$ cat start.txt   # compact mmCIF, C-alpha atoms
# COMPACT_ATOMS: atom_id res chain seq x y z
CA MET A 231 -83.38 -60.36 125.52
CA LYS A 232 -80.11 -62.09 124.76
CA THR A 233 -79.48 -65.68 125.75
CA ILE A 234 -76.75 -66.58 128.19
CA VAL A 235 -74.63 -67.93 125.34
CA GLU A 236 -74.97 -64.67 123.37
CA GLN A 237 -74.07 -62.67 126.45
CA SER A 238 -71.03 -64.87 127.11
CA GLU A 239 -69.87 -64.56 123.49
CA GLU A 240 -70.05 -60.76 123.70
CA TYR A 241 -68.16 -60.86 126.96
CA ALA A 242 -65.54 -63.19 125.43
CA LYS A 243 -65.03 -60.84 122.50
CA ARG A 244 -64.25 -58.01 124.90
CA ASN A 245 -61.97 -60.20 127.05
CA LYS A 246 -59.74 -63.24 126.71
CA SER A 247 -61.31 -66.17 124.89
CA ASP A 248 -61.06 -68.55 127.89
CA THR A 249 -63.29 -66.26 129.94
CA LYS A 250 -66.37 -67.44 128.03
CA LYS A 251 -66.19 -70.90 129.59
CA ALA A 252 -65.51 -69.47 133.04
CA TRP A 253 -68.43 -67.09 132.69
CA ILE A 254 -70.83 -69.89 131.68
CA ASP A 255 -69.47 -72.18 134.42
CA GLY A 256 -70.05 -69.47 137.02
CA TYR A 257 -73.58 -68.89 135.77
CA ASN A 258 -74.36 -72.62 135.86
CA ALA A 259 -72.87 -72.95 139.35
CA ALA A 260 -75.15 -70.16 140.58
CA LEU A 261 -78.18 -71.87 139.04
CA LYS A 262 -77.23 -75.17 140.65
CA LYS A 263 -76.80 -73.54 144.06
CA LYS A 264 -80.17 -71.81 143.72
CA SER A 265 -81.97 -75.03 142.81
CA ALA A 266 -80.27 -76.96 145.61
CA ARG A 267 -82.16 -75.04 148.30
CA GLN A 268 -83.22 -77.26 151.13
CA GLU A 269 -86.82 -78.44 151.23
CA LEU A 270 -88.73 -77.38 154.32
CA ASP A 271 -89.80 -80.06 156.80
CA LEU A 272 -93.45 -79.33 157.55
CA SER A 273 -94.11 -82.48 159.55
CA PHE A 274 -94.68 -80.35 162.69
CA VAL A 275 -97.60 -78.47 161.10
CA PRO A 276 -101.04 -79.73 162.21
CA ASP A 277 -103.13 -81.19 159.38
CA ASN A 278 -105.80 -78.50 159.67
CA PHE A 279 -103.12 -75.80 159.21
CA MET A 280 -101.16 -77.45 156.38
CA LEU A 281 -102.96 -75.85 153.42
CA ILE A 282 -102.92 -72.45 155.13
CA VAL A 283 -99.18 -72.64 155.86
CA GLN A 284 -98.41 -73.89 152.34
CA THR A 285 -100.35 -70.95 150.89
CA TRP A 286 -98.21 -68.55 152.93
CA ILE A 287 -94.97 -70.32 151.93
CA ASP A 288 -95.94 -70.09 148.25
CA TYR A 289 -96.74 -66.39 148.64
CA LYS A 290 -93.36 -65.74 150.27
CA GLN A 291 -91.54 -67.68 147.53
CA GLU A 292 -93.31 -65.61 144.87
CA ARG A 293 -92.00 -62.52 146.68
CA LYS A 294 -88.50 -64.08 146.59
CA GLN A 295 -88.47 -64.28 150.40
CA PRO A 296 -88.13 -68.02 151.09
CA TYR A 297 -88.15 -69.34 154.63
CA THR A 298 -85.42 -71.25 156.41
CA GLN A 299 -86.45 -74.21 158.55
CA ARG A 300 -86.10 -72.19 161.74
CA GLY A 301 -88.01 -69.29 160.21
CA ILE A 302 -91.01 -71.37 159.12
CA GLU A 303 -91.19 -73.02 162.53
CA ALA A 304 -91.31 -69.59 164.21
CA CYS A 305 -93.87 -68.38 161.67
CA VAL A 306 -96.21 -71.34 162.23
CA TYR A 307 -95.89 -70.96 166.01
CA LYS A 308 -96.76 -67.26 165.72
CA LEU A 309 -99.70 -68.01 163.41
CA GLN A 310 -101.09 -70.61 165.80
CA GLU A 311 -100.67 -68.21 168.71
CA MET A 312 -102.36 -65.29 166.92
CA SER A 313 -105.24 -67.48 165.75
CA ASN A 314 -105.44 -69.34 169.07
CA GLY A 315 -105.28 -72.60 167.14
CA ASN A 316 -108.33 -71.74 165.02
CA PRO A 317 -107.67 -72.52 161.32
CA GLN A 318 -110.44 -70.16 160.15
CA ILE A 319 -108.82 -67.22 161.91
CA ALA A 320 -105.38 -68.33 160.66
CA ALA A 321 -106.70 -68.33 157.07
CA LYS A 322 -108.04 -64.80 157.58
CA ILE A 323 -104.66 -63.66 158.96
CA ILE A 324 -102.87 -65.11 155.92
CA GLY A 325 -105.45 -63.62 153.55
CA GLN A 326 -105.12 -60.21 155.18
CA SER A 327 -101.34 -60.23 154.82
CA MET A 328 -101.48 -61.37 151.20
CA ALA A 329 -104.21 -58.88 150.25
CA ASN A 330 -102.18 -56.02 151.72
CA ASN A 331 -98.91 -57.28 150.20
CA TRP A 332 -97.36 -57.51 153.65
CA ALA A 333 -94.13 -59.36 154.26
CA GLY A 334 -95.28 -60.68 157.65
CA LEU A 335 -98.24 -61.91 159.62
CA PHE A 336 -100.19 -59.59 161.86
CA GLU A 337 -103.28 -59.88 164.03
CA LEU A 338 -106.54 -59.22 162.25
CA LYS A 339 -107.40 -55.61 161.60
CA ASP A 340 -111.16 -55.85 161.30
CA GLY A 341 -112.96 -52.50 161.27
CA ASN A 342 -114.21 -51.64 164.75
CA ARG A 343 -112.93 -54.84 166.33
CA ASN A 344 -109.90 -54.67 168.56
CA SER A 345 -106.97 -56.85 167.43
CA GLN A 346 -107.30 -58.69 170.74
CA THR A 347 -110.72 -60.02 169.71
CA ALA A 348 -109.27 -62.84 167.57
CA ARG A 349 -107.42 -64.18 170.61
CA GLU A 350 -110.50 -63.85 172.79
CA ILE A 351 -112.65 -65.96 170.47
CA GLY A 352 -110.50 -69.01 171.05
CA ASN A 353 -110.42 -68.60 174.82
CA HIS A 354 -114.16 -69.02 175.32
CA THR A 355 -116.70 -71.67 174.60
CA SER A 356 -119.52 -69.27 173.75
CA ILE A 357 -119.70 -66.29 171.44
CA PHE A 358 -121.88 -64.67 174.09
CA GLU A 359 -118.99 -64.79 176.56
CA VAL A 360 -116.80 -63.06 173.97
CA ALA A 361 -119.42 -60.38 173.33
CA ASP A 362 -119.86 -59.82 177.06
CA GLN A 363 -116.11 -59.41 177.57
CA ILE A 364 -115.84 -56.96 174.69
CA LEU A 365 -118.74 -54.91 176.05
CA GLN A 366 -117.24 -54.92 179.55
CA ARG A 367 -113.86 -53.81 178.17
CA ASP A 368 -115.43 -51.03 176.10
CA LYS A 369 -117.28 -49.66 179.19
CA GLN A 370 -113.98 -49.13 180.99

$ encode --input "start.txt" --output "structure tokens"
Amino acid sequence: MKTIVEQSEEYAKRNKSDTKKAWIDGYNAALKKKSARQELDLSFVPDNFMLIVQTWIDYKQERKQPYTQRGIEACVYKLQEMSNGNPQIAAKIIGQSMANNWAGLFELKDGNRNSQTAREIGNHTSIFEVADQILQRDKQ
């Protein structure tokens, strides 16, 4: 692969000689703009969700789909809502999306379990209450 200088020299040979500098300046300006992306403010993320959210942000950056501030705030809100504030469920949601190469977050798809089950777990104090509700729902 040719370096940027080699590419610019070839371009300059085909065009006016002053275009080489303009071409390099344009390339450098694009690099500067790319590196000047704003850092995300994650101060609103609860401590027990920080590592999970950072894992998702890193995944999205690797996919060249970085978040804006407003976007990450909406994403974290959605993640907390889907997991009902449970970091273990949130980690599973993130893992599911990454394993399936998904661009977004979706409720857990867990075999025979209904996607509503993840929400139900957080709404009850006992796993027995959850099981009873699931059984009641399945009878209907």

$ residues_around --input "start.txt" --residues "region 282-292 of chain A" --least-positions-apart "2" --cutoff "10 Å" --atoms "all atoms listed in the file" --output "ChimeraX atom specification"
/A:270,272,275-280,294-297,302,305-306,309,317-318,320-325,327-328,331-335

$ closest_residue --input "start.txt" --among "A:Met312, A:Gln299, A:Asn258, A:Lys251" --to "Ser273 (chain A)" --atoms "all atoms listed in the file"
A:Gln299

$ residues_around --input "start.txt" --residues "Ile254 (chain A)" --least-positions-apart "6" --cutoff "12 Å" --atoms "only C-alpha atoms" --output "PyMOL selection string"
chain A and resi 233-239+241-242+248+260-261

$ write_last_selection --input "start.txt" --atoms "C-alpha atoms" --output "PDB file, keeping the file's coordinate frame"
ATOM      1  CA  THR A 233     -79.480 -65.680 125.750  1.00  0.00           C
ATOM      2  CA  ILE A 234     -76.750 -66.580 128.190  1.00  0.00           C
ATOM      3  CA  VAL A 235     -74.630 -67.930 125.340  1.00  0.00           C
ATOM      4  CA  GLU A 236     -74.970 -64.670 123.370  1.00  0.00           C
ATOM      5  CA  GLN A 237     -74.070 -62.670 126.450  1.00  0.00           C
ATOM      6  CA  SER A 238     -71.030 -64.870 127.110  1.00  0.00           C
ATOM      7  CA  GLU A 239     -69.870 -64.560 123.490  1.00  0.00           C
ATOM      8  CA  TYR A 241     -68.160 -60.860 126.960  1.00  0.00           C
ATOM      9  CA  ALA A 242     -65.540 -63.190 125.430  1.00  0.00           C
ATOM     10  CA  ASP A 248     -61.060 -68.550 127.890  1.00  0.00           C
ATOM     11  CA  ALA A 260     -75.150 -70.160 140.580  1.00  0.00           C
ATOM     12  CA  LEU A 261     -78.180 -71.870 139.040  1.00  0.00           C
TER      13      LEU A 261
END

$ atom_distance --input "start.txt" --atom1 "CA of Thr298 (chain A)" --atom2 "CA of Asp271 (chain A)"
9.8 Å

$ atom_distance --input "start.txt" --atom1 "CA of Asn314 (chain A)" --atom2 "CA of Glu337 (chain A)"
10.9 Å

$ atom_distance --input "start.txt" --atom1 "CA of Gly301 (chain A)" --atom2 "CA of Gly315 (chain A)"
18.9 Å
